[in-house]
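Q: One structure, as structure tokens, below. Some questions next.
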Amino acid sequence: MEPDQREEEVTTVAKQVLHQQFANYGVYDMDAAKLDDLAKRYLSEENNREKIERSILDQKVFDTIKPQLKLDMIELPYEELVKKLAEKTQHELEHHH
């Protein structure tokens with residue numbers, strides 16, 4: 001991917017993150033220029049650019065491997081699910097120091 005394309009992708013995701021954050025507070029319609037400015041400032045703050053780049057990479061990896069995975073879906077009563085999760089957690093606690 002070209003550097004300009006990567007920068008555009010990072011900026012687009014940053015705008016999506018900011019848009020969602022503002023939507024949580026009831027602000028749904030934001031001026032595009034204001035959003036661009038906020039995205040630039042957001043990406044200049046400590047670790048934000050790295051977080052966005054990592055999330056983009058994670059999504060690309062997931063999108064690549066997802067078609068290769070076969071998930072066996074089973075339905076469980078809630079109580080059985082809680083029991084299985086507790087067993088798995090206990091097993092991990094016992095075998096991972």
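Going through the structure tokens in order, the chains are called A, B, and so on, while each chain numbers its residues from 1 and the ligands are numbered from 1 in the order shown.
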Tell me, which residues of chain A carry DSSP alpha helix (DSSP H), written as a PyMOL selection string?
A: chain A and resi 3-24+32-44+48-65+78-95
Q: With only C-alpha atoms as the counted atoms, please give the residues lying no more than 12 Å from stretch 29-40 of chain A, apart from itself and same-chain residues fewer than 6 positions off, as an mmCIF file with N, CA, C and O atoms, in the first residue's frame.
A:
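File produced: out-v8.cif:
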data_model
loop_
_atom_site.group_PDB
_atom_site.id
_atom_site.type_symbol
_atom_site.label_atom_id
_atom_site.label_comp_id
_atom_site.auth_asym_id
_atom_site.auth_seq_id
_atom_site.Cartn_x
_atom_site.Cartn_y
_atom_site.Cartn_z
ATOM 1 N N GLU A 7 -2.030 6.596 4.833
ATOM 2 C CA GLU A 7 -2.381 7.770 5.636
ATOM 3 C C GLU A 7 -3.869 8.076 5.524
ATOM 4 O O GLU A 7 -4.523 8.387 6.514
ATOM 5 N N GLU A 8 -4.399 7.943 4.323
ATOM 6 C CA GLU A 8 -5.826 8.176 4.110
ATOM 7 C C GLU A 8 -6.666 7.158 4.890
ATOM 8 O O GLU A 8 -7.671 7.499 5.505
ATOM 9 N N GLU A 9 -6.210 5.905 4.883
ATOM 10 C CA GLU A 9 -6.921 4.851 5.605
ATOM 11 C C GLU A 9 -6.892 5.118 7.111
ATOM 12 O O GLU A 9 -7.910 4.993 7.793
ATOM 13 N N VAL A 10 -5.732 5.506 7.644
ATOM 14 C CA VAL A 10 -5.600 5.810 9.072
ATOM 15 C C VAL A 10 -6.500 6.989 9.437
ATOM 16 O O VAL A 10 -7.209 6.956 10.452
ATOM 17 N N THR A 11 -6.496 8.019 8.612
ATOM 18 C CA THR A 11 -7.322 9.201 8.874
ATOM 19 C C THR A 11 -8.808 8.848 8.823
ATOM 20 O O THR A 11 -9.587 9.303 9.669
ATOM 21 N N THR A 12 -9.199 8.034 7.874
ATOM 22 C CA THR A 12 -10.603 7.617 7.759
ATOM 23 C C THR A 12 -11.053 6.870 9.007
ATOM 24 O O THR A 12 -12.127 7.137 9.549
ATOM 25 N N VAL A 13 -10.237 5.945 9.484
ATOM 26 C CA VAL A 13 -10.595 5.182 10.689
ATOM 27 C C VAL A 13 -10.632 6.104 11.906
ATOM 28 O O VAL A 13 -11.526 5.999 12.746
ATOM 29 N N ALA A 14 -9.686 7.037 12.001
ATOM 30 C CA ALA A 14 -9.689 7.995 13.117
ATOM 31 C C ALA A 14 -10.988 8.805 13.109
ATOM 32 O O ALA A 14 -11.597 9.032 14.167
ATOM 33 N N LYS A 15 -11.427 9.237 11.944
ATOM 34 C CA LYS A 15 -12.685 9.982 11.842
ATOM 35 C C LYS A 15 -13.868 9.120 12.275
ATOM 36 O O LYS A 15 -14.785 9.607 12.938
ATOM 37 N N GLN A 16 -13.844 7.842 11.908
ATOM 38 C CA GLN A 16 -14.921 6.938 12.324
ATOM 39 C C GLN A 16 -14.951 6.798 13.841
ATOM 40 O O GLN A 16 -16.018 6.802 14.451
ATOM 41 N N VAL A 17 -13.778 6.673 14.451
ATOM 42 C CA VAL A 17 -13.687 6.557 15.910
ATOM 43 C C VAL A 17 -14.249 7.817 16.563
ATOM 44 O O VAL A 17 -15.062 7.753 17.493
ATOM 45 N N LEU A 18 -13.822 8.976 16.074
ATOM 46 C CA LEU A 18 -14.287 10.239 16.644
ATOM 47 C C LEU A 18 -15.787 10.437 16.427
ATOM 48 O O LEU A 18 -16.498 10.878 17.326
ATOM 49 N N HIS A 19 -16.250 10.082 15.237
ATOM 50 C CA HIS A 19 -17.681 10.218 14.940
ATOM 51 C C HIS A 19 -18.499 9.372 15.910
ATOM 52 O O HIS A 19 -19.523 9.824 16.434
ATOM 53 N N GLN A 20 -18.037 8.156 16.168
ATOM 54 C CA GLN A 20 -18.747 7.275 17.108
ATOM 55 C C GLN A 20 -18.717 7.849 18.519
ATOM 56 O O GLN A 20 -19.720 7.803 19.237
ATOM 57 N N GLN A 21 -17.578 8.394 18.926
ATOM 58 C CA GLN A 21 -17.481 8.987 20.257
ATOM 59 C C GLN A 21 -18.451 10.152 20.409
ATOM 60 O O GLN A 21 -19.127 10.265 21.426
ATOM 61 N N PHE A 22 -18.520 11.002 19.403
ATOM 62 C CA PHE A 22 -19.451 12.134 19.463
ATOM 63 C C PHE A 22 -20.898 11.656 19.412
ATOM 64 O O PHE A 22 -21.767 12.221 20.081
ATOM 65 N N ALA A 23 -21.166 10.614 18.636
ATOM 66 C CA ALA A 23 -22.523 10.072 18.554
ATOM 67 C C ALA A 23 -22.977 9.560 19.916
ATOM 68 O O ALA A 23 -24.164 9.654 20.258
ATOM 69 N N ASN A 48 -2.231 7.193 19.758
ATOM 70 C CA ASN A 48 -3.473 7.062 18.984
ATOM 71 C C ASN A 48 -3.217 6.547 17.575
ATOM 72 O O ASN A 48 -3.943 5.682 17.092
ATOM 73 N N ARG A 49 -2.186 7.082 16.901
ATOM 74 C CA ARG A 49 -1.886 6.619 15.545
ATOM 75 C C ARG A 49 -1.545 5.124 15.578
ATOM 76 O O ARG A 49 -2.015 4.344 14.757
ATOM 77 N N ILE A 52 -4.669 3.005 16.008
ATOM 78 C CA ILE A 52 -5.462 2.948 14.773
ATOM 79 C C ILE A 52 -4.781 2.026 13.762
ATOM 80 O O ILE A 52 -5.434 1.173 13.146
#
Q: Distance atom CA of A:Glu75-atom CA of A:Thr89, one decimal place?
A: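 Rounded to one decimal, the two atoms are 19.9 Å apart.
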